[in-house]
Amino acid sequence: MAFELPDLPYAHDALASKGMSAETLEYHHDLHHKAYVDNGNKLIAGTEWDGKSLEEIIKGTYNKDAVAQNGIFNNISQLWNHNQFWEMMGPGESKMPTELEKALVESFGSVEKFKEEFSAAGAGQFGSGWAWLVKDTDGGLKVTKTENGVNPLCFGQTALLGCDVWEHSYYIDFRNKRPAYLSNFLDNLVNWENVASRM
């Protein structure tokens, strides 16, 4: 069964007042995300991965010894990444649940220190990629960054929060100011209840 492009969980203009325009969502979701779905479906058709879950395909096609990953991994991983990304943001006011705040303080010293580390990871990712807050294999929280479409599933980690730092995610609204995009993401866009639900 072919993968489908999921609907956005909110209207295209729902995040505009918080710094992510309808135009960005139209390009990012309707064109880029859709391309990962379409290309991924074409690449897995008739292969051993046809009928497998996104997670199975990602874990099965990731090559830890390669910088450039194969086409199936790139498209399916980016499909999964984006499915999570839209859910990790929201238009309403989002208060950080106590259990998440406590875990961040335990792991980073403070929520502000976590935000600094997360922003630095995203700003410091050379070229395209993602910044992540993950639950590591030892149960602790950690900030990571990955190149291109690589995600925490590749390392046995649980993705709690991810921010897309490919240029198509921010260039319409922030031009080349990636650090400003990351700050705005953390301060205005994140659905902290969704992040906490992944713990």
# chains A, B, ... in the order shown; residues from 1 in each chain; ligands from 1
>>> residues_around(residues="range 110-121 of chain A", least_positions_apart="5", cutoff="8 Å", atoms="only C-alpha atoms", output="PDB file with all heavy atoms, in the first residue's frame")
ATOM      1  N   GLU A 101       9.350  19.873  31.408  1.00  0.00           N
ATOM      2  CA  GLU A 101      10.198  20.920  31.990  1.00  0.00           C
ATOM      3  C   GLU A 101      11.197  20.322  32.982  1.00  0.00           C
ATOM      4  O   GLU A 101      12.393  20.625  32.959  1.00  0.00           O
ATOM      5  CB  GLU A 101       9.339  21.973  32.686  1.00  0.00           C
ATOM      6  CG  GLU A 101      10.138  23.150  33.203  1.00  0.00           C
ATOM      7  CD  GLU A 101       9.266  24.250  33.769  1.00  0.00           C
ATOM      8  OE1 GLU A 101       8.028  24.157  33.697  1.00  0.00           O
ATOM      9  OE2 GLU A 101       9.853  25.208  34.309  1.00  0.00           O
ATOM     10  N   LEU A 104      13.924  18.437  31.131  1.00  0.00           N
ATOM     11  CA  LEU A 104      14.870  19.343  30.481  1.00  0.00           C
ATOM     12  C   LEU A 104      15.841  19.949  31.496  1.00  0.00           C
ATOM     13  O   LEU A 104      17.038  20.057  31.239  1.00  0.00           O
ATOM     14  CB  LEU A 104      14.124  20.465  29.740  1.00  0.00           C
ATOM     15  CG  LEU A 104      13.354  20.041  28.491  1.00  0.00           C
ATOM     16  CD1 LEU A 104      12.518  21.193  27.960  1.00  0.00           C
ATOM     17  CD2 LEU A 104      14.297  19.535  27.405  1.00  0.00           C
ATOM     18  N   VAL A 105      15.311  20.329  32.649  1.00  0.00           N
ATOM     19  CA  VAL A 105      16.163  20.892  33.706  1.00  0.00           C
ATOM     20  C   VAL A 105      17.168  19.847  34.184  1.00  0.00           C
ATOM     21  O   VAL A 105      18.354  20.144  34.373  1.00  0.00           O
ATOM     22  CB  VAL A 105      15.307  21.429  34.880  1.00  0.00           C
ATOM     23  CG1 VAL A 105      16.186  21.803  36.071  1.00  0.00           C
ATOM     24  CG2 VAL A 105      14.486  22.635  34.428  1.00  0.00           C
ATOM     25  N   ALA A 131      17.784  19.677  13.534  1.00  0.00           N
ATOM     26  CA  ALA A 131      18.174  19.720  14.945  1.00  0.00           C
ATOM     27  C   ALA A 131      17.131  18.918  15.709  1.00  0.00           C
ATOM     28  O   ALA A 131      15.935  18.993  15.393  1.00  0.00           O
ATOM     29  CB  ALA A 131      18.210  21.159  15.451  1.00  0.00           C
ATOM     30  N   TRP A 132      17.564  18.160  16.717  1.00  0.00           N
ATOM     31  CA  TRP A 132      16.659  17.259  17.442  1.00  0.00           C
ATOM     32  C   TRP A 132      16.839  17.355  18.955  1.00  0.00           C
ATOM     33  O   TRP A 132      17.961  17.530  19.446  1.00  0.00           O
ATOM     34  CB  TRP A 132      16.935  15.796  17.067  1.00  0.00           C
ATOM     35  CG  TRP A 132      16.822  15.468  15.619  1.00  0.00           C
ATOM     36  CD1 TRP A 132      17.841  15.411  14.698  1.00  0.00           C
ATOM     37  CD2 TRP A 132      15.625  15.136  14.894  1.00  0.00           C
ATOM     38  NE1 TRP A 132      17.341  15.059  13.461  1.00  0.00           N
ATOM     39  CE2 TRP A 132      15.993  14.891  13.550  1.00  0.00           C
ATOM     40  CE3 TRP A 132      14.276  15.021  15.269  1.00  0.00           C
ATOM     41  CZ2 TRP A 132      15.070  14.536  12.572  1.00  0.00           C
ATOM     42  CZ3 TRP A 132      13.356  14.669  14.296  1.00  0.00           C
ATOM     43  CH2 TRP A 132      13.752  14.437  12.962  1.00  0.00           C
ATOM     44  N   LEU A 133      15.735  17.185  19.652  1.00  0.00           N
ATOM     45  CA  LEU A 133      15.762  16.809  21.063  1.00  0.00           C
ATOM     46  C   LEU A 133      15.343  15.353  21.075  1.00  0.00           C
ATOM     47  O   LEU A 133      14.266  15.007  20.572  1.00  0.00           O
ATOM     48  CB  LEU A 133      14.776  17.650  21.884  1.00  0.00           C
ATOM     49  CG  LEU A 133      14.550  17.156  23.327  1.00  0.00           C
ATOM     50  CD1 LEU A 133      15.820  17.332  24.167  1.00  0.00           C
ATOM     51  CD2 LEU A 133      13.370  17.892  23.972  1.00  0.00           C
ATOM     52  N   VAL A 143      20.485  16.809  22.929  1.00  0.00           N
ATOM     53  CA  VAL A 143      20.312  17.570  21.690  1.00  0.00           C
ATOM     54  C   VAL A 143      21.286  17.005  20.661  1.00  0.00           C
ATOM     55  O   VAL A 143      22.459  16.770  20.963  1.00  0.00           O
ATOM     56  CB  VAL A 143      20.580  19.074  21.914  1.00  0.00           C
ATOM     57  CG1 VAL A 143      20.783  19.795  20.587  1.00  0.00           C
ATOM     58  CG2 VAL A 143      19.434  19.712  22.687  1.00  0.00           C
ATOM     59  N   THR A 144      20.778  16.767  19.456  1.00  0.00           N
ATOM     60  CA  THR A 144      21.630  16.270  18.373  1.00  0.00           C
ATOM     61  C   THR A 144      21.328  17.057  17.100  1.00  0.00           C
ATOM     62  O   THR A 144      20.348  17.807  17.040  1.00  0.00           O
ATOM     63  CB  THR A 144      21.379  14.770  18.089  1.00  0.00           C
ATOM     64  OG1 THR A 144      20.050  14.609  17.583  1.00  0.00           O
ATOM     65  CG2 THR A 144      21.571  13.926  19.335  1.00  0.00           C
ATOM     66  N   LYS A 145      22.159  16.855  16.101  1.00  0.00           N
ATOM     67  CA  LYS A 145      21.874  17.387  14.763  1.00  0.00           C
ATOM     68  C   LYS A 145      22.216  16.299  13.765  1.00  0.00           C
ATOM     69  O   LYS A 145      23.091  15.452  14.033  1.00  0.00           O
ATOM     70  CB  LYS A 145      22.671  18.662  14.499  1.00  0.00           C
ATOM     71  CG  LYS A 145      24.173  18.491  14.546  1.00  0.00           C
ATOM     72  CD  LYS A 145      24.881  19.827  14.358  1.00  0.00           C
ATOM     73  CE  LYS A 145      26.395  19.632  14.436  1.00  0.00           C
ATOM     74  NZ  LYS A 145      27.125  20.887  14.289  1.00  0.00           N
ATOM     75  N   PRO A 179      19.478  31.333  12.534  1.00  0.00           N
ATOM     76  CA  PRO A 179      19.351  31.443  13.997  1.00  0.00           C
ATOM     77  C   PRO A 179      18.048  32.107  14.435  1.00  0.00           C
ATOM     78  O   PRO A 179      17.436  31.685  15.431  1.00  0.00           O
ATOM     79  CB  PRO A 179      20.572  32.275  14.412  1.00  0.00           C
ATOM     80  CG  PRO A 179      21.587  31.993  13.342  1.00  0.00           C
ATOM     81  CD  PRO A 179      20.780  31.885  12.080  1.00  0.00           C
ATOM     82  N   LEU A 182      15.277  29.568  14.144  1.00  0.00           N
ATOM     83  CA  LEU A 182      15.329  28.592  15.233  1.00  0.00           C
ATOM     84  C   LEU A 182      14.787  29.173  16.534  1.00  0.00           C
ATOM     85  O   LEU A 182      14.029  28.519  17.252  1.00  0.00           O
ATOM     86  CB  LEU A 182      16.771  28.110  15.429  1.00  0.00           C
ATOM     87  CG  LEU A 182      17.263  27.124  14.363  1.00  0.00           C
ATOM     88  CD1 LEU A 182      18.775  27.178  14.225  1.00  0.00           C
ATOM     89  CD2 LEU A 182      16.802  25.713  14.685  1.00  0.00           C
ATOM     90  N   SER A 183      15.149  30.408  16.841  1.00  0.00           N
ATOM     91  CA  SER A 183      14.636  31.062  18.054  1.00  0.00           C
ATOM     92  C   SER A 183      13.124  31.203  17.997  1.00  0.00           C
ATOM     93  O   SER A 183      12.421  30.929  18.968  1.00  0.00           O
ATOM     94  CB  SER A 183      15.262  32.455  18.226  1.00  0.00           C
ATOM     95  OG  SER A 183      16.636  32.345  18.460  1.00  0.00           O
ATOM     96  N   LEU A 186      11.355  27.802  18.596  1.00  0.00           N
ATOM     97  CA  LEU A 186      11.301  27.401  20.004  1.00  0.00           C
ATOM     98  C   LEU A 186      10.377  28.286  20.831  1.00  0.00           C
ATOM     99  O   LEU A 186       9.678  27.808  21.722  1.00  0.00           O
ATOM    100  CB  LEU A 186      12.707  27.421  20.606  1.00  0.00           C
ATOM    101  CG  LEU A 186      13.662  26.330  20.106  1.00  0.00           C
ATOM    102  CD1 LEU A 186      15.083  26.622  20.556  1.00  0.00           C
ATOM    103  CD2 LEU A 186      13.224  24.945  20.568  1.00  0.00           C
TER     104      LEU A 186
END
>>> residues_around(residues="Met88 in chain A", least_positions_apart="2", cutoff="9 Å", atoms="only C-alpha atoms", output="short mmCIF file (atom, residue, chain, number, x, y, z; two decimals) with all heavy atoms, in the first residue's frame")
data_model
loop_
_atom_site.label_atom_id
_atom_site.label_comp_id
_atom_site.auth_asym_id
_atom_site.auth_seq_id
_atom_site.Cartn_x
_atom_site.Cartn_y
_atom_site.Cartn_z
N GLN A 84 6.34 14.13 11.37
CA GLN A 84 6.52 14.51 12.78
C GLN A 84 6.55 16.03 12.93
O GLN A 84 5.98 16.58 13.87
CB GLN A 84 7.84 13.94 13.34
CG GLN A 84 8.11 12.47 13.07
CD GLN A 84 6.95 11.57 13.44
OE1 GLN A 84 6.42 11.67 14.53
NE2 GLN A 84 6.55 10.71 12.53
N PHE A 85 7.24 16.69 12.02
CA PHE A 85 7.48 18.14 12.11
C PHE A 85 6.18 18.93 12.23
O PHE A 85 6.05 19.81 13.08
CB PHE A 85 8.27 18.57 10.87
CG PHE A 85 8.72 20.01 10.86
CD1 PHE A 85 9.45 20.55 11.91
CD2 PHE A 85 8.45 20.81 9.75
CE1 PHE A 85 9.90 21.87 11.88
CE2 PHE A 85 8.89 22.13 9.70
CZ PHE A 85 9.62 22.66 10.77
N TRP A 86 5.20 18.63 11.38
CA TRP A 86 3.93 19.39 11.44
C TRP A 86 3.22 19.17 12.77
O TRP A 86 2.60 20.09 13.30
CB TRP A 86 3.01 18.99 10.28
CG TRP A 86 3.66 19.02 8.94
CD1 TRP A 86 3.70 18.00 8.01
CD2 TRP A 86 4.38 20.11 8.34
NE1 TRP A 86 4.41 18.40 6.91
CE2 TRP A 86 4.83 19.68 7.07
CE3 TRP A 86 4.69 21.41 8.76
CZ2 TRP A 86 5.57 20.51 6.22
CZ3 TRP A 86 5.44 22.23 7.92
CH2 TRP A 86 5.86 21.78 6.67
N GLY A 90 2.17 24.03 16.47
CA GLY A 90 0.74 24.26 16.60
C GLY A 90 0.41 25.73 16.68
O GLY A 90 1.25 26.55 17.06
N LEU A 160 11.87 13.53 20.15
CA LEU A 160 10.87 14.29 20.91
C LEU A 160 10.52 15.60 20.20
O LEU A 160 9.38 16.02 20.19
CB LEU A 160 11.38 14.59 22.32
CG LEU A 160 11.82 13.40 23.17
CD1 LEU A 160 12.26 13.87 24.55
CD2 LEU A 160 10.71 12.37 23.29
N LEU A 161 11.53 16.23 19.62
CA LEU A 161 11.33 17.49 18.90
C LEU A 161 12.35 17.57 17.78
O LEU A 161 13.53 17.26 17.98
CB LEU A 161 11.53 18.68 19.86
CG LEU A 161 11.40 20.08 19.24
CD1 LEU A 161 9.98 20.33 18.74
CD2 LEU A 161 11.81 21.16 20.25
N GLY A 162 11.90 17.96 16.60
CA GLY A 162 12.81 18.13 15.47
C GLY A 162 12.52 19.44 14.77
O GLY A 162 11.37 19.85 14.66
N CYS A 163 13.57 20.12 14.33
CA CYS A 163 13.41 21.35 13.56
C CYS A 163 14.15 21.21 12.23
O CYS A 163 15.35 20.92 12.21
CB CYS A 163 13.94 22.55 14.34
SG CYS A 163 13.61 24.12 13.50
N LEU A 189 6.44 28.48 18.01
CA LEU A 189 5.79 27.46 17.17
C LEU A 189 5.64 26.09 17.81
O LEU A 189 4.72 25.35 17.46
CB LEU A 189 6.57 27.32 15.86
CG LEU A 189 6.47 28.50 14.90
CD1 LEU A 189 7.53 28.39 13.81
CD2 LEU A 189 5.09 28.59 14.28
N VAL A 190 6.52 25.74 18.73
CA VAL A 190 6.51 24.36 19.25
C VAL A 190 5.25 24.06 20.05
O VAL A 190 4.79 24.85 20.87
CB VAL A 190 7.75 24.10 20.14
CG1 VAL A 190 7.67 22.71 20.78
CG2 VAL A 190 9.04 24.23 19.34
N ASN A 191 4.70 22.88 19.79
CA ASN A 191 3.58 22.33 20.57
C ASN A 191 4.20 21.47 21.66
O ASN A 191 4.51 20.30 21.44
CB ASN A 191 2.67 21.52 19.64
CG ASN A 191 1.52 20.86 20.39
OD1 ASN A 191 1.51 20.80 21.61
ND2 ASN A 191 0.56 20.36 19.63
N TRP A 192 4.43 22.07 22.82
CA TRP A 192 5.16 21.38 23.90
C TRP A 192 4.39 20.18 24.43
O TRP A 192 4.99 19.21 24.92
CB TRP A 192 5.49 22.36 25.02
CG TRP A 192 6.44 23.43 24.56
CD1 TRP A 192 6.16 24.75 24.38
CD2 TRP A 192 7.83 23.25 24.22
NE1 TRP A 192 7.29 25.41 23.93
CE2 TRP A 192 8.32 24.52 23.83
CE3 TRP A 192 8.70 22.16 24.20
CZ2 TRP A 192 9.63 24.72 23.43
CZ3 TRP A 192 10.02 22.36 23.79
CH2 TRP A 192 10.47 23.63 23.42
N GLU A 193 3.06 20.22 24.36
CA GLU A 193 2.27 19.05 24.79
C GLU A 193 2.57 17.85 23.88
O GLU A 193 2.67 16.72 24.35
CB GLU A 193 0.77 19.37 24.76
CG GLU A 193 0.32 20.35 25.82
CD GLU A 193 0.42 21.81 25.39
OE1 GLU A 193 0.96 22.09 24.29
OE2 GLU A 193 -0.02 22.68 26.17
N ASN A 194 2.74 18.11 22.58
CA ASN A 194 3.08 17.04 21.66
C ASN A 194 4.46 16.48 21.97
O ASN A 194 4.66 15.26 21.97
CB ASN A 194 3.03 17.55 20.21
CG ASN A 194 3.39 16.47 19.19
OD1 ASN A 194 4.55 16.22 18.91
ND2 ASN A 194 2.37 15.81 18.67
N VAL A 195 5.41 17.37 22.27
CA VAL A 195 6.77 16.93 22.61
C VAL A 195 6.73 16.03 23.86
O VAL A 195 7.32 14.95 23.87
CB VAL A 195 7.69 18.16 22.86
CG1 VAL A 195 9.08 17.72 23.31
CG2 VAL A 195 7.78 19.02 21.60
#
>>> residues_around(residues="Val134 in chain A", least_positions_apart="5", cutoff="6 Å", atoms="only C-alpha atoms", output="PyMOL selection string")
chain A and resi 141-142+158-160
>>> write_last_selection(atoms="C-alpha atoms", output="tab-separated table (two decimals), in the first residue's frame")
chain	number	residue	atom	x	y	z
A	141	LEU	CA	17.51	13.72	26.99
A	142	LYS	CA	20.07	14.99	24.50
A	158	THR	CA	13.31	8.57	20.25
A	159	ALA	CA	12.63	11.91	18.51
A	160	LEU	CA	10.87	14.29	20.91
>>> select_by_dssp(residues="chain A", states="alpha helix (DSSP H)", output="PyMOL selection string")
chain A and resi 22-27+34-44+54-61+71-87+98-108+111-124+171-174+178-184+192-197
>>> closest_residue(among="A:Asn188, A:Leu153, A:Gly124, A:Asn39", to="Glu55 in chain A", atoms="only C-alpha atoms")
A:Leu153
>>> residues_around(residues="Leu25 in chain A", least_positions_apart="3", cutoff="12 Å", atoms="only C-alpha atoms", output="ChimeraX atom specification")
/A:7-16,19-22,28-34,82,85-86,168-173
>>> atom_distance(atom1="CA of Pro6 in chain A", atom2="CA of Ser197 in chain A")
19.8 Å
>>> residues_around(residues="range 47-51 of chain A", least_positions_apart="6", cutoff="8 Å", atoms="only C-alpha atoms", output="PyMOL selection string")
chain A and resi 1-2+57
>>> closest_residue(among="A:Gly46, A:Gly129, A:Gly92, A:Gly71", to="Val165 in chain A", atoms="only C-alpha atoms")
A:Gly129
>>> residues_around(residues="Gly127 in chain A", least_positions_apart="5", cutoff="8 Å", atoms="only C-alpha atoms", output="PyMOL selection string")
chain A and resi 147-148+166
>>> write_last_selection(atoms="N, CA, C and O atoms", output="PDB file, in the first residue's frame")
ATOM      1  N   GLU A 147      22.553  15.336   9.349  1.00  0.00           N
ATOM      2  CA  GLU A 147      22.646  15.888   8.004  1.00  0.00           C
ATOM      3  C   GLU A 147      21.510  15.364   7.133  1.00  0.00           C
ATOM      4  O   GLU A 147      21.024  14.256   7.334  1.00  0.00           O
ATOM      5  N   ASN A 148      21.112  16.178   6.197  1.00  0.00           N
ATOM      6  CA  ASN A 148      20.111  15.813   5.189  1.00  0.00           C
ATOM      7  C   ASN A 148      18.845  15.232   5.820  1.00  0.00           C
ATOM      8  O   ASN A 148      18.205  15.885   6.622  1.00  0.00           O
ATOM      9  N   TRP A 166      16.599  22.722   6.564  1.00  0.00           N
ATOM     10  CA  TRP A 166      16.747  22.882   5.120  1.00  0.00           C
ATOM     11  C   TRP A 166      16.239  24.292   4.778  1.00  0.00           C
ATOM     12  O   TRP A 166      15.302  24.797   5.405  1.00  0.00           O
TER      13      TRP A 166
END
>>> select_by_dssp(residues="range 53-136 of chain A", states="strand (DSSP E)", output="list in words")
Gly129, Trp130, Ala131, Trp132, Leu133, Val134 and Lys135 of chain A
>>> closest_residue(among="A:Met96, A:Ala180, A:Ala196, A:Ile76", to="Val150 in chain A", atoms="only C-alpha atoms")
A:Ile76
>>> closest_residue(among="A:Tyr27, A:Trp80, A:Lys135, A:Phe126", to="Leu5 in chain A", atoms="only C-alpha atoms")
A:Trp80
>>> atom_distance(atom1="CA of Asp38 in chain A", atom2="CA of Thr61 in chain A")
17.8 Å
>>> atom_distance(atom1="CA of Phe185 in chain A", atom2="CA of Asn81 in chain A")
16.0 Å
>>> closest_residue(among="A:Leu43, A:Gly156, A:Asn184, A:Ser94", to="Asp136 in chain A", atoms="only C-alpha atoms")
A:Gly156
